[in-house]
Amino acid sequence: MSEAQTHLPVTFREANNALRHDTGIIIPVYFPEGVDAGIAESLLEDAVTGFCRQVADPSAVCLSVDGGELGAETAERIAREFCVSTWIAPRNRGKLHGARNGARCLLERRSFKYLAVVDQDGDHFPNELLNFVRAAEHIRIHSGTDQVLVLGRRSSRHRPLGFLRAEHEELANRLLLDALRYHASISGQPLRLEYSTTLDLIPDFHSGYKLFSRDTAASVLLGEPQLAGVSGDCYYRHAAEAVMVLESLVRGAHLGVVNRSTFNEQPVSTFGLYDRCQLVADMIIWPCRRLDVPLHFVRQWLANGAPPLLLNTLVPEGKRELVRISELVLSGLGGEGDRGTPSASWPLFV
């Protein structure tokens, strides 16, 4: 029997104990105009019901309201009913702002071993959080580190998100991985992916279901914001998932990935409320600025990342969308007048 085979896996009992007694759960709350408040409230209450059943003390669940007028009344009602924690920020800034406030709320009260960040939309199933904790415990034991980030990998992005948004996330994921590899080569610090790439070569970085070890959560969510010269909307709202991933990994966290379920179609989404091309561009701009990636690298990564996308098959709208995103990215990185990826640079045959 090999040495690897002699190591017993983390048991259900061990992981369940860590989940029930040592894990905090942050749910950023945001009820904007344009979203059905009744559906959003029902989904949030359902999520709270499920997550409260995963932990021994319901106060380990924090509803972090991002903007007092955008969900505070609902969050406070649910908090009274379920005895969960709340943090009400008077000003709306974005999901990352909610996650940071939630981390501050929970870590100031208790010494949690893990912190999970989940969306309010009911598409992040509480019963699956045990697998995140079990994977994190496995990584911690076998790598000897307390720096861990576990992503929930969706078996399909197109079905829950829709064709357009899924293609956008695919492009953003590709370029985030490029940026992380660039940083690894420049810094001399290898990118640790041994616990994450058995399912996909490109991890589902922009999944909204994440689990942080305490040290990683404190470093990433309580540290000084690294805006890298971008706007608050770009950092706190559009690039929130990229920030949480990148800051974890450049600080040495080991990345783990577990499968997670989704609904076949998301019940509610705020995606349609944004300028979608600028949203995707910002998901790419911040990581590249944060890691000081040269413009000519990003230009080539865009040229590399656009052709594999199925969005190209939507002619001419899909190609125009990709060109517009490329133009916004390059402009945001100082390439004024830079044109997007021309169709002539795409392969002739498949």
# chains A, B, ... in the order shown; residues from 1 in each chain; ligands from 1
>>> closest_atom_pairs(of="region 217-302 of chain A", to="region 158-164 of chain A", cutoff="8 Å", atoms="only C-alpha atoms", output="Markdown table")
| residue | atom | partner | partner_atom | distance |
| --- | --- | --- | --- | --- |
| A:Thr262 | CA | A:Pro160 | CA | 6.6 |
| A:Phe263 | CA | A:Pro160 | CA | 5.9 |
| A:Asn264 | CA | A:Pro160 | CA | 5.0 |
| A:Glu265 | CA | A:Pro160 | CA | 4.1 |
| A:Gln266 | CA | A:Pro160 | CA | 5.1 |
>>> residues_around(residues="Asp292 (chain A)", least_positions_apart="2", cutoff="12 Å", atoms="only C-alpha atoms", output="ChimeraX atom specification")
/A:179-180,182-183,186-187,228-229,285-290,294-298,333-334
>>> write_last_selection(atoms="N, CA and C atoms", output="mmCIF file, in the first residue's frame")
data_model
loop_
_atom_site.group_PDB
_atom_site.id
_atom_site.type_symbol
_atom_site.label_atom_id
_atom_site.label_comp_id
_atom_site.auth_asym_id
_atom_site.auth_seq_id
_atom_site.Cartn_x
_atom_site.Cartn_y
_atom_site.Cartn_z
ATOM 1 N N ALA A 179 -3.489 35.700 -14.978
ATOM 2 C CA ALA A 179 -2.879 36.705 -14.108
ATOM 3 C C ALA A 179 -2.201 36.056 -12.907
ATOM 4 N N LEU A 180 -2.840 35.040 -12.344
ATOM 5 C CA LEU A 180 -2.255 34.352 -11.196
ATOM 6 C C LEU A 180 -0.978 33.604 -11.583
ATOM 7 N N TYR A 182 1.009 34.442 -14.057
ATOM 8 C CA TYR A 182 2.005 35.481 -14.302
ATOM 9 C C TYR A 182 2.632 35.918 -12.975
ATOM 10 N N HIS A 183 1.773 36.180 -11.993
ATOM 11 C CA HIS A 183 2.280 36.610 -10.686
ATOM 12 C C HIS A 183 3.168 35.542 -10.067
ATOM 13 N N ILE A 186 6.589 35.692 -11.669
ATOM 14 C CA ILE A 186 7.328 36.912 -11.320
ATOM 15 C C ILE A 186 7.768 36.892 -9.856
ATOM 16 N N SER A 187 6.869 36.426 -8.984
ATOM 17 C CA SER A 187 7.148 36.462 -7.542
ATOM 18 C C SER A 187 8.020 35.302 -7.077
ATOM 19 N N ALA A 228 -6.091 49.232 -6.138
ATOM 20 C CA ALA A 228 -5.190 49.242 -7.302
ATOM 21 C C ALA A 228 -5.604 50.292 -8.332
ATOM 22 N N GLY A 229 -6.151 51.387 -7.860
ATOM 23 C CA GLY A 229 -6.477 52.495 -8.758
ATOM 24 C C GLY A 229 -7.811 52.393 -9.465
ATOM 25 N N ILE A 285 -10.063 43.723 -15.187
ATOM 26 C CA ILE A 285 -9.199 44.889 -14.980
ATOM 27 C C ILE A 285 -8.560 44.862 -13.591
ATOM 28 N N TRP A 286 -9.377 44.641 -12.559
ATOM 29 C CA TRP A 286 -8.803 44.729 -11.204
ATOM 30 C C TRP A 286 -7.674 43.723 -10.989
ATOM 31 N N PRO A 287 -7.850 42.423 -11.296
ATOM 32 C CA PRO A 287 -6.727 41.500 -11.060
ATOM 33 C C PRO A 287 -5.458 41.903 -11.800
ATOM 34 N N CYS A 288 -5.615 42.390 -13.023
ATOM 35 C CA CYS A 288 -4.434 42.751 -13.815
ATOM 36 C C CYS A 288 -3.749 43.991 -13.264
ATOM 37 N N ARG A 289 -4.533 44.925 -12.777
ATOM 38 C CA ARG A 289 -3.935 46.112 -12.143
ATOM 39 C C ARG A 289 -3.313 45.739 -10.801
ATOM 40 N N ARG A 290 -3.996 44.908 -10.048
ATOM 41 C CA ARG A 290 -3.498 44.511 -8.724
ATOM 42 C C ARG A 290 -2.151 43.808 -8.833
ATOM 43 N N PRO A 294 1.652 43.644 -17.415
ATOM 44 C CA PRO A 294 1.863 44.534 -18.553
ATOM 45 C C PRO A 294 0.710 44.442 -19.558
ATOM 46 N N LEU A 295 0.421 45.565 -20.179
ATOM 47 C CA LEU A 295 -0.706 45.650 -21.100
ATOM 48 C C LEU A 295 -0.603 44.645 -22.242
ATOM 49 N N HIS A 296 0.599 44.433 -22.770
ATOM 50 C CA HIS A 296 0.715 43.539 -23.922
ATOM 51 C C HIS A 296 0.435 42.084 -23.541
ATOM 52 N N PHE A 297 0.640 41.736 -22.272
ATOM 53 C CA PHE A 297 0.253 40.395 -21.820
ATOM 54 C C PHE A 297 -1.263 40.256 -21.832
ATOM 55 N N VAL A 298 -1.948 41.255 -21.292
ATOM 56 C CA VAL A 298 -3.409 41.197 -21.213
ATOM 57 C C VAL A 298 -4.015 41.177 -22.610
ATOM 58 N N LEU A 333 -6.808 49.567 -18.592
ATOM 59 C CA LEU A 333 -5.419 49.305 -18.224
ATOM 60 C C LEU A 333 -4.449 50.282 -18.875
ATOM 61 N N GLY A 334 -5.010 51.345 -19.447
ATOM 62 C CA GLY A 334 -4.165 52.394 -20.015
ATOM 63 C C GLY A 334 -3.929 52.304 -21.493
#
>>> select_by_dssp(residues="region 11-41 of chain A", states="strand (DSSP E)", output="JSON, numbers by chain")
{"A": [23, 24, 25, 26, 27, 28, 29]}
>>> write_last_selection(atoms="N, CA and C atoms", output="mmCIF file, in the first residue's frame")
data_model
loop_
_atom_site.group_PDB
_atom_site.id
_atom_site.type_symbol
_atom_site.label_atom_id
_atom_site.label_comp_id
_atom_site.auth_asym_id
_atom_site.auth_seq_id
_atom_site.Cartn_x
_atom_site.Cartn_y
_atom_site.Cartn_z
ATOM 1 N N THR A 23 -17.593 27.041 12.470
ATOM 2 C CA THR A 23 -17.756 27.683 11.164
ATOM 3 C C THR A 23 -18.783 28.805 11.235
ATOM 4 N N GLY A 24 -18.394 29.978 10.759
ATOM 5 C CA GLY A 24 -19.310 31.107 10.632
ATOM 6 C C GLY A 24 -19.758 31.242 9.185
ATOM 7 N N ILE A 25 -20.948 31.798 8.986
ATOM 8 C CA ILE A 25 -21.539 31.894 7.646
ATOM 9 C C ILE A 25 -22.003 33.328 7.405
ATOM 10 N N ILE A 26 -21.479 33.927 6.365
ATOM 11 C CA ILE A 26 -21.821 35.309 6.011
ATOM 12 C C ILE A 26 -22.740 35.291 4.793
ATOM 13 N N ILE A 27 -23.881 35.941 4.906
ATOM 14 C CA ILE A 27 -24.802 36.083 3.782
ATOM 15 C C ILE A 27 -24.974 37.572 3.503
ATOM 16 N N PRO A 28 -24.276 38.132 2.503
ATOM 17 C CA PRO A 28 -24.512 39.530 2.138
ATOM 18 C C PRO A 28 -25.943 39.709 1.636
ATOM 19 N N VAL A 29 -26.614 40.747 2.119
ATOM 20 C CA VAL A 29 -28.017 40.996 1.789
ATOM 21 C C VAL A 29 -28.128 42.301 1.007
#
>>> select_by_dssp(residues="region 16-178 of chain A", states="helix (DSSP H, G or I)", output="number ranges by chain")
A: 16-22, 37-52, 58-60, 68-70, 72-82, 95-107, 126-143, 158-161, 163-178
>>> residues_around(residues="region 80-94 of chain A", least_positions_apart="6", cutoff="8 Å", atoms="only C-alpha atoms", output="mmCIF file with N, CA and C atoms, in the first residue's frame")
data_model
loop_
_atom_site.group_PDB
_atom_site.id
_atom_site.type_symbol
_atom_site.label_atom_id
_atom_site.label_comp_id
_atom_site.auth_asym_id
_atom_site.auth_seq_id
_atom_site.Cartn_x
_atom_site.Cartn_y
_atom_site.Cartn_z
ATOM 1 N N VAL A 48 -31.505 31.061 5.218
ATOM 2 C CA VAL A 48 -31.231 31.177 6.654
ATOM 3 C C VAL A 48 -31.730 29.937 7.386
ATOM 4 N N THR A 49 -32.912 29.466 7.026
ATOM 5 C CA THR A 49 -33.447 28.250 7.638
ATOM 6 C C THR A 49 -32.467 27.089 7.486
ATOM 7 N N CYS A 52 -28.952 27.723 9.377
ATOM 8 C CA CYS A 52 -29.079 27.621 10.830
ATOM 9 C C CYS A 52 -29.086 26.160 11.277
ATOM 10 N N PRO A 58 -27.123 29.574 16.102
ATOM 11 C CA PRO A 58 -27.563 30.356 14.938
ATOM 12 C C PRO A 58 -26.889 31.716 14.810
ATOM 13 N N SER A 59 -26.326 32.243 15.900
ATOM 14 C CA SER A 59 -25.635 33.532 15.787
ATOM 15 C C SER A 59 -24.364 33.423 14.959
ATOM 16 N N ALA A 60 -23.951 32.184 14.618
ATOM 17 C CA ALA A 60 -22.811 31.992 13.713
ATOM 18 C C ALA A 60 -23.169 32.361 12.284
ATOM 19 N N VAL A 61 -24.445 32.586 12.010
ATOM 20 C CA VAL A 61 -24.901 33.044 10.696
ATOM 21 C C VAL A 61 -25.087 34.556 10.772
ATOM 22 N N CYS A 62 -24.457 35.296 9.871
ATOM 23 C CA CYS A 62 -24.548 36.762 9.870
ATOM 24 C C CYS A 62 -25.184 37.257 8.574
ATOM 25 N N LEU A 63 -26.269 38.011 8.712
ATOM 26 C CA LEU A 63 -26.868 38.705 7.579
ATOM 27 C C LEU A 63 -26.237 40.087 7.505
ATOM 28 N N SER A 64 -25.404 40.288 6.503
ATOM 29 C CA SER A 64 -24.674 41.547 6.358
ATOM 30 C C SER A 64 -25.345 42.384 5.280
ATOM 31 N N VAL A 65 -26.116 43.367 5.720
ATOM 32 C CA VAL A 65 -26.925 44.172 4.797
ATOM 33 C C VAL A 65 -26.069 45.279 4.198
ATOM 34 N N ASP A 66 -26.005 45.288 2.888
ATOM 35 C CA ASP A 66 -25.185 46.274 2.176
ATOM 36 C C ASP A 66 -26.059 47.444 1.741
ATOM 37 N N GLY A 67 -26.315 48.349 2.686
ATOM 38 C CA GLY A 67 -27.175 49.498 2.422
ATOM 39 C C GLY A 67 -28.454 49.391 3.216
ATOM 40 N N GLY A 68 -28.612 50.250 4.240
ATOM 41 C CA GLY A 68 -29.709 50.127 5.185
ATOM 42 C C GLY A 68 -31.087 50.074 4.563
ATOM 43 N N GLU A 69 -31.292 50.819 3.485
ATOM 44 C CA GLU A 69 -32.607 50.862 2.848
ATOM 45 C C GLU A 69 -32.808 49.726 1.855
ATOM 46 N N LEU A 70 -31.837 48.839 1.729
ATOM 47 C CA LEU A 70 -31.881 47.791 0.705
ATOM 48 C C LEU A 70 -31.968 46.392 1.313
ATOM 49 N N ALA A 72 -32.559 46.018 5.168
ATOM 50 C CA ALA A 72 -32.361 45.992 6.616
ATOM 51 C C ALA A 72 -33.602 45.522 7.352
ATOM 52 N N ASN A 101 -17.854 43.305 6.047
ATOM 53 C CA ASN A 101 -18.568 43.653 7.277
ATOM 54 C C ASN A 101 -19.014 42.394 8.025
ATOM 55 N N GLY A 102 -19.469 41.391 7.294
ATOM 56 C CA GLY A 102 -19.869 40.143 7.924
ATOM 57 C C GLY A 102 -18.710 39.464 8.630
ATOM 58 N N CYS A 105 -18.034 41.290 11.811
ATOM 59 C CA CYS A 105 -19.067 40.963 12.791
ATOM 60 C C CYS A 105 -18.772 39.625 13.470
ATOM 61 N N GLY A 232 -14.600 52.296 -6.791
ATOM 62 C CA GLY A 232 -15.230 51.486 -5.757
ATOM 63 C C GLY A 232 -16.186 50.467 -6.328
ATOM 64 N N ASP A 233 -16.921 50.834 -7.373
ATOM 65 C CA ASP A 233 -17.841 49.886 -8.007
ATOM 66 C C ASP A 233 -17.095 48.691 -8.581
ATOM 67 N N TYR A 236 -15.539 46.681 -5.160
ATOM 68 C CA TYR A 236 -16.477 46.115 -4.189
ATOM 69 C C TYR A 236 -17.648 45.390 -4.834
ATOM 70 N N ARG A 237 -18.006 45.772 -6.050
ATOM 71 C CA ARG A 237 -19.204 45.229 -6.661
ATOM 72 C C ARG A 237 -18.888 44.245 -7.786
ATOM 73 N N HIS A 238 -18.214 44.725 -8.831
ATOM 74 C CA HIS A 238 -18.027 43.907 -10.033
ATOM 75 C C HIS A 238 -16.972 42.817 -9.842
ATOM 76 N N ALA A 240 -15.801 41.483 -7.021
ATOM 77 C CA ALA A 240 -15.794 40.969 -5.649
ATOM 78 C C ALA A 240 -15.245 39.546 -5.554
#
>>> closest_residue(among="A:Asn131, A:Ser143, A:Ser111, A:Ser326", to="Ala15 (chain A)", atoms="only C-alpha atoms")
A:Asn131
>>> atom_distance(atom1="CA of Ala47 (chain A)", atom2="CA of Tyr274 (chain A)")
24.6 Å
>>> decode(residues="region 52-92 of chain A", atoms="N, CA and C atoms", output="PDB file, in the first residue's frame")
ATOM      1  N   CYS A  52     -28.952  27.723   9.377  1.00  0.00           N
ATOM      2  CA  CYS A  52     -29.079  27.621  10.830  1.00  0.00           C
ATOM      3  C   CYS A  52     -29.086  26.160  11.277  1.00  0.00           C
ATOM      4  N   ARG A  53     -29.540  25.276  10.423  1.00  0.00           N
ATOM      5  CA  ARG A  53     -29.562  23.855  10.770  1.00  0.00           C
ATOM      6  C   ARG A  53     -28.179  23.215  10.651  1.00  0.00           C
ATOM      7  N   GLN A  54     -27.239  23.916  10.049  1.00  0.00           N
ATOM      8  CA  GLN A  54     -25.889  23.365   9.900  1.00  0.00           C
ATOM      9  C   GLN A  54     -25.004  23.689  11.091  1.00  0.00           C
ATOM     10  N   VAL A  55     -25.369  24.689  11.880  1.00  0.00           N
ATOM     11  CA  VAL A  55     -24.512  25.155  12.974  1.00  0.00           C
ATOM     12  C   VAL A  55     -25.229  24.994  14.303  1.00  0.00           C
ATOM     13  N   ALA A  56     -24.455  24.809  15.371  1.00  0.00           N
ATOM     14  CA  ALA A  56     -25.039  24.616  16.694  1.00  0.00           C
ATOM     15  C   ALA A  56     -25.622  25.906  17.251  1.00  0.00           C
ATOM     16  N   ASP A  57     -25.017  27.037  16.918  1.00  0.00           N
ATOM     17  CA  ASP A  57     -25.448  28.345  17.420  1.00  0.00           C
ATOM     18  C   ASP A  57     -25.860  29.201  16.230  1.00  0.00           C
ATOM     19  N   PRO A  58     -27.123  29.574  16.102  1.00  0.00           N
ATOM     20  CA  PRO A  58     -27.563  30.356  14.938  1.00  0.00           C
ATOM     21  C   PRO A  58     -26.889  31.716  14.810  1.00  0.00           C
ATOM     22  N   SER A  59     -26.326  32.243  15.900  1.00  0.00           N
ATOM     23  CA  SER A  59     -25.635  33.532  15.787  1.00  0.00           C
ATOM     24  C   SER A  59     -24.364  33.423  14.959  1.00  0.00           C
ATOM     25  N   ALA A  60     -23.951  32.184  14.618  1.00  0.00           N
ATOM     26  CA  ALA A  60     -22.811  31.992  13.713  1.00  0.00           C
ATOM     27  C   ALA A  60     -23.169  32.361  12.284  1.00  0.00           C
ATOM     28  N   VAL A  61     -24.445  32.586  12.010  1.00  0.00           N
ATOM     29  CA  VAL A  61     -24.901  33.044  10.696  1.00  0.00           C
ATOM     30  C   VAL A  61     -25.087  34.556  10.772  1.00  0.00           C
ATOM     31  N   CYS A  62     -24.457  35.296   9.871  1.00  0.00           N
ATOM     32  CA  CYS A  62     -24.548  36.762   9.870  1.00  0.00           C
ATOM     33  C   CYS A  62     -25.184  37.257   8.574  1.00  0.00           C
ATOM     34  N   LEU A  63     -26.269  38.011   8.712  1.00  0.00           N
ATOM     35  CA  LEU A  63     -26.868  38.705   7.579  1.00  0.00           C
ATOM     36  C   LEU A  63     -26.237  40.087   7.505  1.00  0.00           C
ATOM     37  N   SER A  64     -25.404  40.288   6.503  1.00  0.00           N
ATOM     38  CA  SER A  64     -24.674  41.547   6.358  1.00  0.00           C
ATOM     39  C   SER A  64     -25.345  42.384   5.280  1.00  0.00           C
ATOM     40  N   VAL A  65     -26.116  43.367   5.720  1.00  0.00           N
ATOM     41  CA  VAL A  65     -26.925  44.172   4.797  1.00  0.00           C
ATOM     42  C   VAL A  65     -26.069  45.279   4.198  1.00  0.00           C
ATOM     43  N   ASP A  66     -26.005  45.288   2.888  1.00  0.00           N
ATOM     44  CA  ASP A  66     -25.185  46.274   2.176  1.00  0.00           C
ATOM     45  C   ASP A  66     -26.059  47.444   1.741  1.00  0.00           C
ATOM     46  N   GLY A  67     -26.315  48.349   2.686  1.00  0.00           N
ATOM     47  CA  GLY A  67     -27.175  49.498   2.422  1.00  0.00           C
ATOM     48  C   GLY A  67     -28.454  49.391   3.216  1.00  0.00           C
ATOM     49  N   GLY A  68     -28.612  50.250   4.240  1.00  0.00           N
ATOM     50  CA  GLY A  68     -29.709  50.127   5.185  1.00  0.00           C
ATOM     51  C   GLY A  68     -31.087  50.074   4.563  1.00  0.00           C
ATOM     52  N   GLU A  69     -31.292  50.819   3.485  1.00  0.00           N
ATOM     53  CA  GLU A  69     -32.607  50.862   2.848  1.00  0.00           C
ATOM     54  C   GLU A  69     -32.808  49.726   1.855  1.00  0.00           C
ATOM     55  N   LEU A  70     -31.837  48.839   1.729  1.00  0.00           N
ATOM     56  CA  LEU A  70     -31.881  47.791   0.705  1.00  0.00           C
ATOM     57  C   LEU A  70     -31.968  46.392   1.313  1.00  0.00           C
ATOM     58  N   GLY A  71     -32.701  46.276   2.410  1.00  0.00           N
ATOM     59  CA  GLY A  71     -32.908  44.952   2.985  1.00  0.00           C
ATOM     60  C   GLY A  71     -32.807  44.889   4.491  1.00  0.00           C
ATOM     61  N   ALA A  72     -32.559  46.018   5.168  1.00  0.00           N
ATOM     62  CA  ALA A  72     -32.361  45.992   6.616  1.00  0.00           C
ATOM     63  C   ALA A  72     -33.602  45.522   7.352  1.00  0.00           C
ATOM     64  N   GLU A  73     -34.762  46.010   6.948  1.00  0.00           N
ATOM     65  CA  GLU A  73     -36.001  45.645   7.648  1.00  0.00           C
ATOM     66  C   GLU A  73     -36.239  44.135   7.567  1.00  0.00           C
ATOM     67  N   THR A  74     -36.052  43.580   6.379  1.00  0.00           N
ATOM     68  CA  THR A  74     -36.233  42.130   6.213  1.00  0.00           C
ATOM     69  C   THR A  74     -35.202  41.350   7.020  1.00  0.00           C
ATOM     70  N   ALA A  75     -33.941  41.767   6.947  1.00  0.00           N
ATOM     71  CA  ALA A  75     -32.875  41.067   7.680  1.00  0.00           C
ATOM     72  C   ALA A  75     -33.120  41.098   9.177  1.00  0.00           C
ATOM     73  N   GLU A  76     -33.575  42.228   9.691  1.00  0.00           N
ATOM     74  CA  GLU A  76     -33.818  42.339  11.127  1.00  0.00           C
ATOM     75  C   GLU A  76     -34.995  41.468  11.554  1.00  0.00           C
ATOM     76  N   ARG A  77     -36.010  41.368  10.710  1.00  0.00           N
ATOM     77  CA  ARG A  77     -37.144  40.487  11.033  1.00  0.00           C
ATOM     78  C   ARG A  77     -36.687  39.027  11.076  1.00  0.00           C
ATOM     79  N   ILE A  78     -35.917  38.622  10.062  1.00  0.00           N
ATOM     80  CA  ILE A  78     -35.427  37.245  10.018  1.00  0.00           C
ATOM     81  C   ILE A  78     -34.486  36.975  11.185  1.00  0.00           C
ATOM     82  N   ALA A  79     -33.670  37.968  11.537  1.00  0.00           N
ATOM     83  CA  ALA A  79     -32.733  37.797  12.649  1.00  0.00           C
ATOM     84  C   ALA A  79     -33.472  37.568  13.960  1.00  0.00           C
ATOM     85  N   ARG A  80     -34.565  38.289  14.162  1.00  0.00           N
ATOM     86  CA  ARG A  80     -35.347  38.099  15.392  1.00  0.00           C
ATOM     87  C   ARG A  80     -35.962  36.697  15.433  1.00  0.00           C
ATOM     88  N   GLU A  81     -36.418  36.227  14.274  1.00  0.00           N
ATOM     89  CA  GLU A  81     -37.074  34.926  14.224  1.00  0.00           C
ATOM     90  C   GLU A  81     -36.096  33.777  14.410  1.00  0.00           C
ATOM     91  N   PHE A  82     -34.896  33.895  13.800  1.00  0.00           N
ATOM     92  CA  PHE A  82     -33.948  32.778  13.798  1.00  0.00           C
ATOM     93  C   PHE A  82     -32.771  32.978  14.753  1.00  0.00           C
ATOM     94  N   CYS A  83     -32.691  34.162  15.391  1.00  0.00           N
ATOM     95  CA  CYS A  83     -31.599  34.472  16.341  1.00  0.00           C
ATOM     96  C   CYS A  83     -30.231  34.507  15.663  1.00  0.00           C
ATOM     97  N   VAL A  84     -30.195  34.936  14.401  1.00  0.00           N
ATOM     98  CA  VAL A  84     -28.921  35.078  13.707  1.00  0.00           C
ATOM     99  C   VAL A  84     -28.364  36.476  13.945  1.00  0.00           C
ATOM    100  N   SER A  85     -27.116  36.679  13.575  1.00  0.00           N
ATOM    101  CA  SER A  85     -26.458  37.974  13.722  1.00  0.00           C
ATOM    102  C   SER A  85     -26.773  38.872  12.534  1.00  0.00           C
ATOM    103  N   THR A  86     -26.643  40.160  12.748  1.00  0.00           N
ATOM    104  CA  THR A  86     -26.819  41.115  11.644  1.00  0.00           C
ATOM    105  C   THR A  86     -25.748  42.196  11.719  1.00  0.00           C
ATOM    106  N   TRP A  87     -25.455  42.735  10.553  1.00  0.00           N
ATOM    107  CA  TRP A  87     -24.611  43.932  10.438  1.00  0.00           C
ATOM    108  C   TRP A  87     -25.257  44.791   9.362  1.00  0.00           C
ATOM    109  N   ILE A  88     -25.619  45.992   9.720  1.00  0.00           N
ATOM    110  CA  ILE A  88     -26.308  46.888   8.779  1.00  0.00           C
ATOM    111  C   ILE A  88     -25.365  48.010   8.386  1.00  0.00           C
ATOM    112  N   ALA A  89     -24.963  48.039   7.131  1.00  0.00           N
ATOM    113  CA  ALA A  89     -24.130  49.130   6.621  1.00  0.00           C
ATOM    114  C   ALA A  89     -25.050  50.213   6.048  1.00  0.00           C
ATOM    115  N   PRO A  90     -24.873  51.448   6.430  1.00  0.00           N
ATOM    116  CA  PRO A  90     -25.780  52.497   5.948  1.00  0.00           C
ATOM    117  C   PRO A  90     -25.679  52.761   4.455  1.00  0.00           C
ATOM    118  N   ARG A  91     -24.530  52.479   3.884  1.00  0.00           N
ATOM    119  CA  ARG A  91     -24.297  52.809   2.468  1.00  0.00           C
ATOM    120  C   ARG A  91     -24.067  51.537   1.658  1.00  0.00           C
ATOM    121  N   ASN A  92     -24.701  51.454   0.501  1.00  0.00           N
ATOM    122  CA  ASN A  92     -24.495  50.324  -0.401  1.00  0.00           C
ATOM    123  C   ASN A  92     -23.222  50.523  -1.206  1.00  0.00           C
TER     124      ASN A  92
END
